[in-house]
>>> print(open('run_35.pdb').read())   # PDB, C-alpha atoms
ATOM      1  CA  MET F 191     132.572 103.870  74.198  1.00  0.00           C
ATOM      2  CA  ALA F 192     130.695 103.601  70.896  1.00  0.00           C
ATOM      3  CA  SER F 193     127.277 104.092  72.469  1.00  0.00           C
ATOM      4  CA  ALA F 194     128.202 107.548  73.742  1.00  0.00           C
ATOM      5  CA  GLN F 195     128.860 108.593  70.153  1.00  0.00           C
ATOM      6  CA  LEU F 196     125.205 107.852  69.321  1.00  0.00           C
ATOM      7  CA  PHE F 197     124.173 110.668  71.633  1.00  0.00           C
ATOM      8  CA  ASP F 198     124.824 113.826  69.677  1.00  0.00           C
ATOM      9  CA  GLY F 199     122.505 116.086  71.665  1.00  0.00           C
ATOM     10  CA  PRO F 200     123.488 118.518  74.381  1.00  0.00           C
ATOM     11  CA  TYR F 201     124.023 117.333  77.888  1.00  0.00           C
ATOM     12  CA  LEU F 202     120.741 117.009  79.734  1.00  0.00           C
ATOM     13  CA  LYS F 203     121.442 118.911  82.963  1.00  0.00           C
ATOM     14  CA  GLY F 204     118.322 120.926  83.792  1.00  0.00           C
ATOM     15  CA  LYS F 205     116.023 118.859  81.535  1.00  0.00           C
ATOM     16  CA  ILE F 206     113.282 116.349  82.352  1.00  0.00           C
ATOM     17  CA  LEU F 207     113.494 112.713  81.308  1.00  0.00           C
ATOM     18  CA  ILE F 208     110.110 111.046  80.776  1.00  0.00           C
ATOM     19  CA  ALA F 209     110.030 107.250  81.041  1.00  0.00           C
ATOM     20  CA  SER F 210     108.488 105.650  77.972  1.00  0.00           C
ATOM     21  CA  PRO F 211     106.675 102.298  78.083  1.00  0.00           C
ATOM     22  CA  LEU F 212     109.918 100.835  76.679  1.00  0.00           C
ATOM     23  CA  ILE F 213     111.812 101.638  79.886  1.00  0.00           C
ATOM     24  CA  GLY F 214     111.877  97.953  80.904  1.00  0.00           C
ATOM     25  CA  ASP F 215     112.595  98.760  84.553  1.00  0.00           C
ATOM     26  CA  PRO F 216     109.595  98.822  86.935  1.00  0.00           C
ATOM     27  CA  ARG F 217     111.453 101.207  89.264  1.00  0.00           C
ATOM     28  CA  PHE F 218     111.111 103.876  86.566  1.00  0.00           C
ATOM     29  CA  ASP F 219     107.607 103.064  85.275  1.00  0.00           C
ATOM     30  CA  ARG F 220     105.822 106.362  84.459  1.00  0.00           C
ATOM     31  CA  SER F 221     108.636 108.340  86.090  1.00  0.00           C
ATOM     32  CA  ILE F 222     109.841 111.786  85.302  1.00  0.00           C
ATOM     33  CA  VAL F 223     113.399 112.587  86.306  1.00  0.00           C
ATOM     34  CA  TYR F 224     114.814 116.073  86.754  1.00  0.00           C
ATOM     35  CA  MET F 225     118.431 115.895  85.564  1.00  0.00           C
ATOM     36  CA  CYS F 226     120.876 117.424  88.044  1.00  0.00           C
ATOM     37  CA  ALA F 227     124.124 116.421  86.335  1.00  0.00           C
ATOM     38  CA  HIS F 228     125.118 114.947  82.976  1.00  0.00           C
ATOM     39  CA  GLY F 229     128.593 114.595  81.547  1.00  0.00           C
ATOM     40  CA  ASP F 230     130.829 112.185  79.699  1.00  0.00           C
ATOM     41  CA  ASP F 231     131.402 109.999  82.759  1.00  0.00           C
ATOM     42  CA  HIS F 232     128.034 109.986  84.547  1.00  0.00           C
ATOM     43  CA  ALA F 233     124.489 111.306  84.834  1.00  0.00           C
ATOM     44  CA  MET F 234     122.374 111.954  87.929  1.00  0.00           C
ATOM     45  CA  GLY F 235     118.773 112.986  88.457  1.00  0.00           C
ATOM     46  CA  ILE F 236     115.900 112.995  90.925  1.00  0.00           C
ATOM     47  CA  ILE F 237     112.535 111.329  90.237  1.00  0.00           C
ATOM     48  CA  VAL F 238     110.017 114.104  90.940  1.00  0.00           C
ATOM     49  CA  ASN F 239     106.673 112.306  90.663  1.00  0.00           C
ATOM     50  CA  LYS F 240     106.873 109.285  93.013  1.00  0.00           C
ATOM     51  CA  PRO F 241     105.743 110.183  96.545  1.00  0.00           C
ATOM     52  CA  MET F 242     106.676 107.873  99.399  1.00  0.00           C
ATOM     53  CA  GLY F 243     104.417 107.196 102.366  1.00  0.00           C
ATOM     54  CA  LEU F 244     106.470 109.692 104.378  1.00  0.00           C
ATOM     55  CA  ARG F 245     105.528 113.357 104.895  1.00  0.00           C
ATOM     56  CA  LEU F 246     107.990 116.215 105.378  1.00  0.00           C
ATOM     57  CA  PRO F 247     106.968 117.146 108.983  1.00  0.00           C
ATOM     58  CA  ALA F 248     107.383 113.511 110.090  1.00  0.00           C
ATOM     59  CA  LEU F 249     110.811 113.267 108.464  1.00  0.00           C
ATOM     60  CA  PHE F 250     111.940 116.524 110.083  1.00  0.00           C
ATOM     61  CA  GLU F 251     110.787 115.165 113.441  1.00  0.00           C
ATOM     62  CA  GLN F 252     112.686 111.883 112.872  1.00  0.00           C
ATOM     63  CA  LEU F 253     115.836 113.860 111.974  1.00  0.00           C
ATOM     64  CA  SER F 254     115.412 116.274 114.918  1.00  0.00           C
ATOM     65  CA  VAL F 255     115.312 119.302 112.616  1.00  0.00           C
ATOM     66  CA  LYS F 256     114.177 122.219 114.777  1.00  0.00           C
ATOM     67  CA  SER F 257     111.404 124.157 113.098  1.00  0.00           C
ATOM     68  CA  GLU F 258     110.796 127.897 113.433  1.00  0.00           C
ATOM     69  CA  ILE F 259     107.659 127.611 111.285  1.00  0.00           C
ATOM     70  CA  GLU F 260     104.974 125.067 110.506  1.00  0.00           C
ATOM     71  CA  VAL F 261     106.663 122.906 107.895  1.00  0.00           C
ATOM     72  CA  ALA F 262     104.553 122.341 104.781  1.00  0.00           C
ATOM     73  CA  ASP F 263     102.795 118.969 104.826  1.00  0.00           C
ATOM     74  CA  ARG F 264     104.322 117.764 101.573  1.00  0.00           C
ATOM     75  CA  ALA F 265     105.227 114.276 100.427  1.00  0.00           C
ATOM     76  CA  VAL F 266     108.806 113.075 100.569  1.00  0.00           C
ATOM     77  CA  LEU F 267     109.648 111.697  97.126  1.00  0.00           C
ATOM     78  CA  ASP F 268     111.249 108.426  96.092  1.00  0.00           C
ATOM     79  CA  GLY F 269     114.098 110.083  94.189  1.00  0.00           C
ATOM     80  CA  GLY F 270     115.516 106.896  92.706  1.00  0.00           C
ATOM     81  CA  PRO F 271     117.063 103.541  93.455  1.00  0.00           C
ATOM     82  CA  VAL F 272     120.556 104.789  94.407  1.00  0.00           C
ATOM     83  CA  ASP F 273     121.524 105.905  97.949  1.00  0.00           C
ATOM     84  CA  ARG F 274     117.938 105.670  99.202  1.00  0.00           C
ATOM     85  CA  ASP F 275     118.860 106.548 102.784  1.00  0.00           C
ATOM     86  CA  ARG F 276     120.231 109.944 101.727  1.00  0.00           C
ATOM     87  CA  GLY F 277     118.121 113.072 101.251  1.00  0.00           C
ATOM     88  CA  PHE F 278     118.371 115.367  98.238  1.00  0.00           C
ATOM     89  CA  VAL F 279     116.537 118.684  98.077  1.00  0.00           C
ATOM     90  CA  LEU F 280     115.752 120.355  94.780  1.00  0.00           C
ATOM     91  CA  HIS F 281     115.083 124.007  95.514  1.00  0.00           C
ATOM     92  CA  SER F 282     114.916 127.509  94.131  1.00  0.00           C
ATOM     93  CA  ASP F 283     118.275 129.251  93.934  1.00  0.00           C
ATOM     94  CA  ASP F 284     117.361 131.798  96.605  1.00  0.00           C
ATOM     95  CA  PHE F 285     119.115 129.382  98.991  1.00  0.00           C
ATOM     96  CA  LEU F 286     122.770 128.727  98.213  1.00  0.00           C
ATOM     97  CA  HIS F 287     125.141 127.133 100.705  1.00  0.00           C
ATOM     98  CA  GLU F 288     128.653 126.964  99.287  1.00  0.00           C
ATOM     99  CA  PRO F 289     130.129 124.489  98.521  1.00  0.00           C
ATOM    100  CA  ALA F 290     127.285 122.066  99.315  1.00  0.00           C
ATOM    101  CA  THR F 291     124.776 123.526  96.837  1.00  0.00           C
ATOM    102  CA  LEU F 292     124.962 122.544  93.187  1.00  0.00           C
ATOM    103  CA  VAL F 293     123.416 125.183  90.933  1.00  0.00           C
ATOM    104  CA  ILE F 294     121.758 123.155  88.179  1.00  0.00           C
ATOM    105  CA  ASP F 295     120.026 125.642  85.956  1.00  0.00           C
ATOM    106  CA  GLU F 296     118.856 129.204  86.207  1.00  0.00           C
ATOM    107  CA  GLY F 297     116.550 129.247  89.194  1.00  0.00           C
ATOM    108  CA  LEU F 298     117.131 125.660  90.406  1.00  0.00           C
ATOM    109  CA  ALA F 299     119.698 124.064  92.689  1.00  0.00           C
ATOM    110  CA  LEU F 300     120.341 120.855  94.626  1.00  0.00           C
ATOM    111  CA  THR F 301     121.583 120.549  98.191  1.00  0.00           C
ATOM    112  CA  ALA F 302     122.099 117.292 100.099  1.00  0.00           C
ATOM    113  CA  THR F 303     123.211 118.557 103.522  1.00  0.00           C
ATOM    114  CA  LYS F 304     121.270 119.272 106.700  1.00  0.00           C
ATOM    115  CA  ASP F 305     121.685 123.018 106.035  1.00  0.00           C
ATOM    116  CA  ILE F 306     118.882 122.947 103.474  1.00  0.00           C
ATOM    117  CA  LEU F 307     116.552 121.133 105.888  1.00  0.00           C
ATOM    118  CA  GLU F 308     117.219 123.781 108.517  1.00  0.00           C
ATOM    119  CA  ALA F 309     116.553 126.489 105.916  1.00  0.00           C
ATOM    120  CA  MET F 310     113.277 124.805 104.930  1.00  0.00           C
ATOM    121  CA  ALA F 311     112.220 124.880 108.617  1.00  0.00           C
ATOM    122  CA  SER F 312     113.281 128.514 109.123  1.00  0.00           C
ATOM    123  CA  THR F 313     111.448 131.805 108.723  1.00  0.00           C
ATOM    124  CA  ALA F 314     113.376 132.327 105.443  1.00  0.00           C
ATOM    125  CA  PRO F 315     112.946 129.058 103.516  1.00  0.00           C
ATOM    126  CA  PRO F 316     113.710 128.697  99.809  1.00  0.00           C
ATOM    127  CA  ARG F 317     110.778 129.916  97.690  1.00  0.00           C
ATOM    128  CA  ARG F 318     110.252 126.375  96.278  1.00  0.00           C
ATOM    129  CA  SER F 319     111.653 123.036  97.429  1.00  0.00           C
ATOM    130  CA  THR F 320     111.052 119.321  97.293  1.00  0.00           C
ATOM    131  CA  LEU F 321     112.845 116.590  99.215  1.00  0.00           C
ATOM    132  CA  ALA F 322     113.609 113.150  97.833  1.00  0.00           C
ATOM    133  CA  LEU F 323     115.305 110.101  99.292  1.00  0.00           C
ATOM    134  CA  GLY F 324     117.668 108.520  96.779  1.00  0.00           C
ATOM    135  CA  TYR F 325     118.510 109.425  93.212  1.00  0.00           C
ATOM    136  CA  ALA F 326     118.734 107.967  89.726  1.00  0.00           C
ATOM    137  CA  GLY F 327     122.264 107.494  88.442  1.00  0.00           C
ATOM    138  CA  TRP F 328     123.884 106.277  85.256  1.00  0.00           C
ATOM    139  CA  GLU F 329     127.455 105.305  84.394  1.00  0.00           C
ATOM    140  CA  ALA F 330     129.264 106.606  81.312  1.00  0.00           C
ATOM    141  CA  GLY F 331     127.227 105.850  78.199  1.00  0.00           C
ATOM    142  CA  GLN F 332     124.384 104.089  80.054  1.00  0.00           C
ATOM    143  CA  LEU F 333     121.840 106.908  79.802  1.00  0.00           C
ATOM    144  CA  GLU F 334     122.791 107.540  76.187  1.00  0.00           C
ATOM    145  CA  ASP F 335     122.142 103.857  75.423  1.00  0.00           C
ATOM    146  CA  GLU F 336     118.732 104.060  77.114  1.00  0.00           C
ATOM    147  CA  ILE F 337     117.822 107.197  75.142  1.00  0.00           C
ATOM    148  CA  ALA F 338     118.914 105.515  71.903  1.00  0.00           C
ATOM    149  CA  ALA F 339     116.637 102.554  72.806  1.00  0.00           C
ATOM    150  CA  ASN F 340     113.711 104.996  73.229  1.00  0.00           C
ATOM    151  CA  ALA F 341     113.423 104.284  76.964  1.00  0.00           C
ATOM    152  CA  TRP F 342     113.420 108.021  77.753  1.00  0.00           C
ATOM    153  CA  LEU F 343     111.872 111.090  76.145  1.00  0.00           C
ATOM    154  CA  ILE F 344     113.320 114.526  76.844  1.00  0.00           C
ATOM    155  CA  ALA F 345     111.437 117.702  77.793  1.00  0.00           C
ATOM    156  CA  GLU F 346     112.159 121.153  79.151  1.00  0.00           C
ATOM    157  CA  ALA F 347     111.733 121.392  82.907  1.00  0.00           C
ATOM    158  CA  ASP F 348     109.310 123.770  84.563  1.00  0.00           C
ATOM    159  CA  GLU F 349     108.455 124.494  88.184  1.00  0.00           C
ATOM    160  CA  THR F 350     105.131 122.641  88.028  1.00  0.00           C
ATOM    161  CA  LEU F 351     106.815 119.413  86.927  1.00  0.00           C
ATOM    162  CA  VAL F 352     109.624 119.756  89.468  1.00  0.00           C
ATOM    163  CA  PHE F 353     107.784 121.173  92.491  1.00  0.00           C
ATOM    164  CA  GLY F 354     104.084 120.497  91.849  1.00  0.00           C
ATOM    165  CA  GLU F 355     102.202 118.330  94.333  1.00  0.00           C
ATOM    166  CA  ASP F 356      99.805 116.690  91.859  1.00  0.00           C
ATOM    167  CA  HIS F 357     102.129 113.723  91.281  1.00  0.00           C
ATOM    168  CA  ASP F 358      99.514 111.501  89.629  1.00  0.00           C
ATOM    169  CA  VAL F 359      99.267 113.776  86.583  1.00  0.00           C
ATOM    170  CA  LYS F 360     102.909 114.815  86.150  1.00  0.00           C
ATOM    171  CA  TRP F 361     103.879 111.987  83.766  1.00  0.00           C
ATOM    172  CA  ALA F 362     100.974 112.692  81.399  1.00  0.00           C
ATOM    173  CA  ALA F 363     101.548 116.452  81.698  1.00  0.00           C
ATOM    174  CA  ALA F 364     105.219 116.039  80.781  1.00  0.00           C
ATOM    175  CA  LEU F 365     104.265 113.971  77.726  1.00  0.00           C
ATOM    176  CA  LYS F 366     101.678 116.523  76.635  1.00  0.00           C
ATOM    177  CA  LYS F 367     104.333 119.229  76.993  1.00  0.00           C
ATOM    178  CA  ILE F 368     106.254 117.572  74.133  1.00  0.00           C
ATOM    179  CA  GLY F 369     103.122 116.885  72.098  1.00  0.00           C
ATOM    180  CA  VAL F 370     102.686 113.203  72.965  1.00  0.00           C
ATOM    181  CA  ASN F 371      99.251 111.874  73.878  1.00  0.00           C
ATOM    182  CA  PRO F 372      99.827 109.397  76.754  1.00  0.00           C
ATOM    183  CA  GLU F 373      96.962 107.176  75.564  1.00  0.00           C
ATOM    184  CA  PHE F 374      98.622 106.598  72.197  1.00  0.00           C
ATOM    185  CA  LEU F 375     102.056 106.124  73.727  1.00  0.00           C
ATOM    186  CA  THR F 376     100.924 103.460  76.168  1.00  0.00           C
ATOM    187  CA  GLY F 377      98.403 101.837  73.870  1.00  0.00           C
ATOM    188  CA  ALA F 378      95.857 102.299  76.656  1.00  0.00           C
ATOM    189  CA  SER F 379      93.101 103.614  74.422  1.00  0.00           C
ATOM    190  CA  GLY F 380      90.717 100.881  75.563  1.00  0.00           C
ATOM    191  CA  HIS F 381      89.887  99.690  72.044  1.00  0.00           C
ATOM    192  CA  ALA F 382      90.177  96.078  70.967  1.00  0.00           C
TER     193      ALA F 382
END
>>> encode(input="run_35.pdb", output="structure tokens")
Amino acid sequence: MASAQLFDGPYLKGKILIASPLIGDPRFDRSIVYMCAHGDDHAMGIIVNKPMGLRLPALFEQLSVKSEIEVADRAVLDGGPVDRDRGFVLHSDDFLHEPATLVIDEGLALTATKDILEAMASTAPPRRSTLALGYAGWEAGQLEDEIAANAWLIAEADETLVFGEDHDVKWAAALKKIGVNPEFLTGASGHA
């Protein structure tokens, strides 16, 4: 595919994608996506700054996950438009359940089985974790085309962007991390 040849950068596994105002898809407006997989044939990530109306303790109760501890009252995230009825947990790599856990980058992993939920509700949970329903996915060449069209900006991931609870400021913080002032990018300076 010719579009894939336009993308001469490294694969983006372990990076953050920041939606630009050119994204053209309201589902990704002001989103930041932690990239879990990226190769020649596909890409997959989790939106890490869009909380749903659902809280972790309520979800655990709905799923009958037995808790040995008081589960942190954290938001469940809207991870993306694909497979929205399936849970995906980004977590520190102090929890690894072979073969269900995908180690993404040094320190971070992804698990999508009930084992991680049980670990999160145990006396030995992963050091950091966040649960999302759904994911963002791209077919071969699709993400590369979107990057070439300036729909996405790329940044290094950090634990605050991935696991932080202050979701309203993550998009602007990710932009500032790469030296972009969100007001100039969006044209929202307020001047006529």
>>> residues_around(input="run_35.pdb", residues="range 351-356 of chain F", least_positions_apart="2", cutoff="10 Å", atoms="all atoms listed in the file", output="VMD selection string")
chain F and resid 206 222 to 224 236 to 239 241 264 to 265 280 to 282 298 318 to 321 346 to 349 358 to 361 363 to 364
>>> residues_near_point(input="run_35.pdb", point="(121.9, 116.8, 78.8)", cutoff="12 Å", atoms="all atoms listed in the file", output="ChimeraX atom specification")
/F:197-207,224-230,232-235,294-295,333-334,337,343-347
>>> resolve_selection(input="run_35.pdb", expression="the PyMOL selection byres ((chain F and resi 300) around 6)", output="mmCIF file with C-alpha atoms, keeping the file's coordinate frame")
data_model
loop_
_atom_site.group_PDB
_atom_site.id
_atom_site.type_symbol
_atom_site.label_atom_id
_atom_site.label_comp_id
_atom_site.auth_asym_id
_atom_site.auth_seq_id
_atom_site.Cartn_x
_atom_site.Cartn_y
_atom_site.Cartn_z
ATOM 1 C CA VAL F 279 116.537 118.684 98.077
ATOM 2 C CA LEU F 280 115.752 120.355 94.780
ATOM 3 C CA THR F 291 124.776 123.526 96.837
ATOM 4 C CA LEU F 292 124.962 122.544 93.187
ATOM 5 C CA ALA F 299 119.698 124.064 92.689
ATOM 6 C CA THR F 301 121.583 120.549 98.191
#
>>> atom_distance(input="run_35.pdb", atom1="CA of Phe285 in chain F", atom2="CA of Asp231 in chain F")
28.1 Å
>>> atom_distance(input="run_35.pdb", atom1="CA of Met310 in chain F", atom2="CA of Leu249 in chain F")
12.3 Å
>>> atom_distance(input="run_35.pdb", atom1="CA of Pro216 in chain F", atom2="CA of Pro271 in chain F")
11.0 Å
>>> residues_around(input="run_35.pdb", residues="Asp275 in chain F", least_positions_apart="3", cutoff="12 Å", atoms="only C-alpha atoms", output="list of chain:residue names")
F:Leu249, F:Leu267, F:Asp268, F:Gly269, F:Gly270, F:Pro271, F:Val272, F:Phe278, F:Ala302, F:Ala322, F:Leu323, F:Gly324, F:Tyr325
>>> closest_residue(input="run_35.pdb", among="F:Asp284, F:Leu244, F:Pro289, F:Gln332", to="Arg317 in chain F", atoms="only C-alpha atoms")
F:Asp284
>>> resolve_selection(input="run_35.pdb", expression="the PyMOL selection byres ((chain F and resi 256) around 10)", output="PDB file with C-alpha atoms, keeping the file's coordinate frame")
ATOM      1  CA  PHE F 250     111.940 116.524 110.083  1.00  0.00           C
ATOM      2  CA  GLU F 251     110.787 115.165 113.441  1.00  0.00           C
ATOM      3  CA  LEU F 253     115.836 113.860 111.974  1.00  0.00           C
ATOM      4  CA  SER F 254     115.412 116.274 114.918  1.00  0.00           C
ATOM      5  CA  VAL F 255     115.312 119.302 112.616  1.00  0.00           C
ATOM      6  CA  SER F 257     111.404 124.157 113.098  1.00  0.00           C
ATOM      7  CA  GLU F 258     110.796 127.897 113.433  1.00  0.00           C
ATOM      8  CA  ILE F 259     107.659 127.611 111.285  1.00  0.00           C
ATOM      9  CA  LEU F 307     116.552 121.133 105.888  1.00  0.00           C
ATOM     10  CA  GLU F 308     117.219 123.781 108.517  1.00  0.00           C
ATOM     11  CA  ALA F 311     112.220 124.880 108.617  1.00  0.00           C
ATOM     12  CA  SER F 312     113.281 128.514 109.123  1.00  0.00           C
TER      13      SER F 312
END
>>> closest_residue(input="run_35.pdb", among="F:Lys304, F:Lys367, F:Lys240, F:Arg274", to="Arg220 in chain F", atoms="all atoms listed in the file")
F:Lys240
>>> closest_residue(input="run_35.pdb", among="F:Asp335, F:Asp263, F:Asp305, F:Glu373", to="Ala290 in chain F", atoms="all atoms listed in the file")
F:Asp305
>>> build_atoms(input="run_35.pdb", residues="range 196-227 of chain F", atoms="N, CA and C atoms", output="PDB file, in the frame of the given file")
ATOM      1  N   LEU F 196     126.555 107.788  69.857  1.00  0.00           N
ATOM      2  CA  LEU F 196     125.205 107.852  69.321  1.00  0.00           C
ATOM      3  C   LEU F 196     124.459 109.069  69.848  1.00  0.00           C
ATOM      4  N   PHE F 197     124.853 109.550  71.005  1.00  0.00           N
ATOM      5  CA  PHE F 197     124.173 110.668  71.633  1.00  0.00           C
ATOM      6  C   PHE F 197     124.842 111.948  71.171  1.00  0.00           C
ATOM      7  N   ASP F 198     124.212 112.615  70.199  1.00  0.00           N
ATOM      8  CA  ASP F 198     124.824 113.826  69.677  1.00  0.00           C
ATOM      9  C   ASP F 198     124.132 115.084  70.174  1.00  0.00           C
ATOM     10  N   GLY F 199     123.203 114.931  71.125  1.00  0.00           N
ATOM     11  CA  GLY F 199     122.505 116.086  71.665  1.00  0.00           C
ATOM     12  C   GLY F 199     123.308 116.744  72.774  1.00  0.00           C
ATOM     13  N   PRO F 200     122.796 117.849  73.265  1.00  0.00           N
ATOM     14  CA  PRO F 200     123.488 118.518  74.381  1.00  0.00           C
ATOM     15  C   PRO F 200     123.336 117.699  75.653  1.00  0.00           C
ATOM     16  N   TYR F 201     124.194 117.973  76.594  1.00  0.00           N
ATOM     17  CA  TYR F 201     124.023 117.333  77.888  1.00  0.00           C
ATOM     18  C   TYR F 201     122.668 117.716  78.463  1.00  0.00           C
ATOM     19  N   LEU F 202     122.128 116.882  79.308  1.00  0.00           N
ATOM     20  CA  LEU F 202     120.741 117.009  79.734  1.00  0.00           C
ATOM     21  C   LEU F 202     120.541 117.660  81.097  1.00  0.00           C
ATOM     22  N   LYS F 203     121.569 118.219  81.686  1.00  0.00           N
ATOM     23  CA  LYS F 203     121.442 118.911  82.963  1.00  0.00           C
ATOM     24  C   LYS F 203     120.361 119.987  82.848  1.00  0.00           C
ATOM     25  N   GLY F 204     119.398 119.949  83.795  1.00  0.00           N
ATOM     26  CA  GLY F 204     118.322 120.926  83.792  1.00  0.00           C
ATOM     27  C   GLY F 204     117.113 120.520  82.966  1.00  0.00           C
ATOM     28  N   LYS F 205     117.142 119.355  82.350  1.00  0.00           N
ATOM     29  CA  LYS F 205     116.023 118.859  81.535  1.00  0.00           C
ATOM     30  C   LYS F 205     115.240 117.814  82.338  1.00  0.00           C
ATOM     31  N   ILE F 206     114.103 117.413  81.784  1.00  0.00           N
ATOM     32  CA  ILE F 206     113.282 116.349  82.352  1.00  0.00           C
ATOM     33  C   ILE F 206     113.379 115.135  81.439  1.00  0.00           C
ATOM     34  N   LEU F 207     113.595 113.966  82.037  1.00  0.00           N
ATOM     35  CA  LEU F 207     113.494 112.713  81.308  1.00  0.00           C
ATOM     36  C   LEU F 207     112.131 112.115  81.636  1.00  0.00           C
ATOM     37  N   ILE F 208     111.430 111.653  80.609  1.00  0.00           N
ATOM     38  CA  ILE F 208     110.110 111.046  80.776  1.00  0.00           C
ATOM     39  C   ILE F 208     110.239 109.575  80.400  1.00  0.00           C
ATOM     40  N   ALA F 209     109.936 108.687  81.318  1.00  0.00           N
ATOM     41  CA  ALA F 209     110.030 107.250  81.041  1.00  0.00           C
ATOM     42  C   ALA F 209     108.988 106.859  80.007  1.00  0.00           C
ATOM     43  N   SER F 210     109.418 106.169  78.973  1.00  0.00           N
ATOM     44  CA  SER F 210     108.488 105.650  77.972  1.00  0.00           C
ATOM     45  C   SER F 210     108.071 104.238  78.396  1.00  0.00           C
ATOM     46  N   PRO F 211     107.052 103.679  77.760  1.00  0.00           N
ATOM     47  CA  PRO F 211     106.675 102.298  78.083  1.00  0.00           C
ATOM     48  C   PRO F 211     107.788 101.301  77.769  1.00  0.00           C
ATOM     49  N   LEU F 212     108.799 101.717  77.014  1.00  0.00           N
ATOM     50  CA  LEU F 212     109.918 100.835  76.679  1.00  0.00           C
ATOM     51  C   LEU F 212     111.004 100.825  77.747  1.00  0.00           C
ATOM     52  N   ILE F 213     110.777 101.496  78.863  1.00  0.00           N
ATOM     53  CA  ILE F 213     111.812 101.638  79.886  1.00  0.00           C
ATOM     54  C   ILE F 213     112.312 100.281  80.379  1.00  0.00           C
ATOM     55  N   GLY F 214     111.443  99.292  80.529  1.00  0.00           N
ATOM     56  CA  GLY F 214     111.877  97.953  80.904  1.00  0.00           C
ATOM     57  C   GLY F 214     112.348  97.796  82.336  1.00  0.00           C
ATOM     58  N   ASP F 215     112.168  98.809  83.159  1.00  0.00           N
ATOM     59  CA  ASP F 215     112.595  98.760  84.553  1.00  0.00           C
ATOM     60  C   ASP F 215     111.428  99.272  85.404  1.00  0.00           C
ATOM     61  N   PRO F 216     110.775  98.396  86.172  1.00  0.00           N
ATOM     62  CA  PRO F 216     109.595  98.822  86.935  1.00  0.00           C
ATOM     63  C   PRO F 216     109.883  99.954  87.924  1.00  0.00           C
ATOM     64  N   ARG F 217     111.126 100.113  88.338  1.00  0.00           N
ATOM     65  CA  ARG F 217     111.453 101.207  89.264  1.00  0.00           C
ATOM     66  C   ARG F 217     111.251 102.573  88.612  1.00  0.00           C
ATOM     67  N   PHE F 218     111.254 102.610  87.280  1.00  0.00           N
ATOM     68  CA  PHE F 218     111.111 103.876  86.566  1.00  0.00           C
ATOM     69  C   PHE F 218     109.792 103.978  85.801  1.00  0.00           C
ATOM     70  N   ASP F 219     108.877 103.036  85.987  1.00  0.00           N
ATOM     71  CA  ASP F 219     107.607 103.064  85.275  1.00  0.00           C
ATOM     72  C   ASP F 219     106.892 104.389  85.511  1.00  0.00           C
ATOM     73  N   ARG F 220     106.537 105.081  84.427  1.00  0.00           N
ATOM     74  CA  ARG F 220     105.822 106.362  84.459  1.00  0.00           C
ATOM     75  C   ARG F 220     106.532 107.425  85.295  1.00  0.00           C
ATOM     76  N   SER F 221     107.846 107.369  85.331  1.00  0.00           N
ATOM     77  CA  SER F 221     108.636 108.340  86.090  1.00  0.00           C
ATOM     78  C   SER F 221     109.000 109.540  85.228  1.00  0.00           C
ATOM     79  N   ILE F 222     109.157 110.660  85.919  1.00  0.00           N
ATOM     80  CA  ILE F 222     109.841 111.786  85.302  1.00  0.00           C
ATOM     81  C   ILE F 222     111.016 112.138  86.216  1.00  0.00           C
ATOM     82  N   VAL F 223     112.154 112.371  85.583  1.00  0.00           N
ATOM     83  CA  VAL F 223     113.399 112.587  86.306  1.00  0.00           C
ATOM     84  C   VAL F 223     113.936 113.967  85.953  1.00  0.00           C
ATOM     85  N   TYR F 224     114.159 114.783  86.977  1.00  0.00           N
ATOM     86  CA  TYR F 224     114.814 116.073  86.754  1.00  0.00           C
ATOM     87  C   TYR F 224     116.316 115.825  86.780  1.00  0.00           C
ATOM     88  N   MET F 225     116.998 116.175  85.693  1.00  0.00           N
ATOM     89  CA  MET F 225     118.431 115.895  85.564  1.00  0.00           C
ATOM     90  C   MET F 225     119.271 116.969  86.259  1.00  0.00           C
ATOM     91  N   CYS F 226     120.038 116.528  87.247  1.00  0.00           N
ATOM     92  CA  CYS F 226     120.876 117.424  88.044  1.00  0.00           C
ATOM     93  C   CYS F 226     122.294 117.518  87.505  1.00  0.00           C
ATOM     94  N   ALA F 227     122.762 116.457  86.878  1.00  0.00           N
ATOM     95  CA  ALA F 227     124.124 116.421  86.335  1.00  0.00           C
ATOM     96  C   ALA F 227     124.148 115.470  85.148  1.00  0.00           C
TER      97      ALA F 227
END
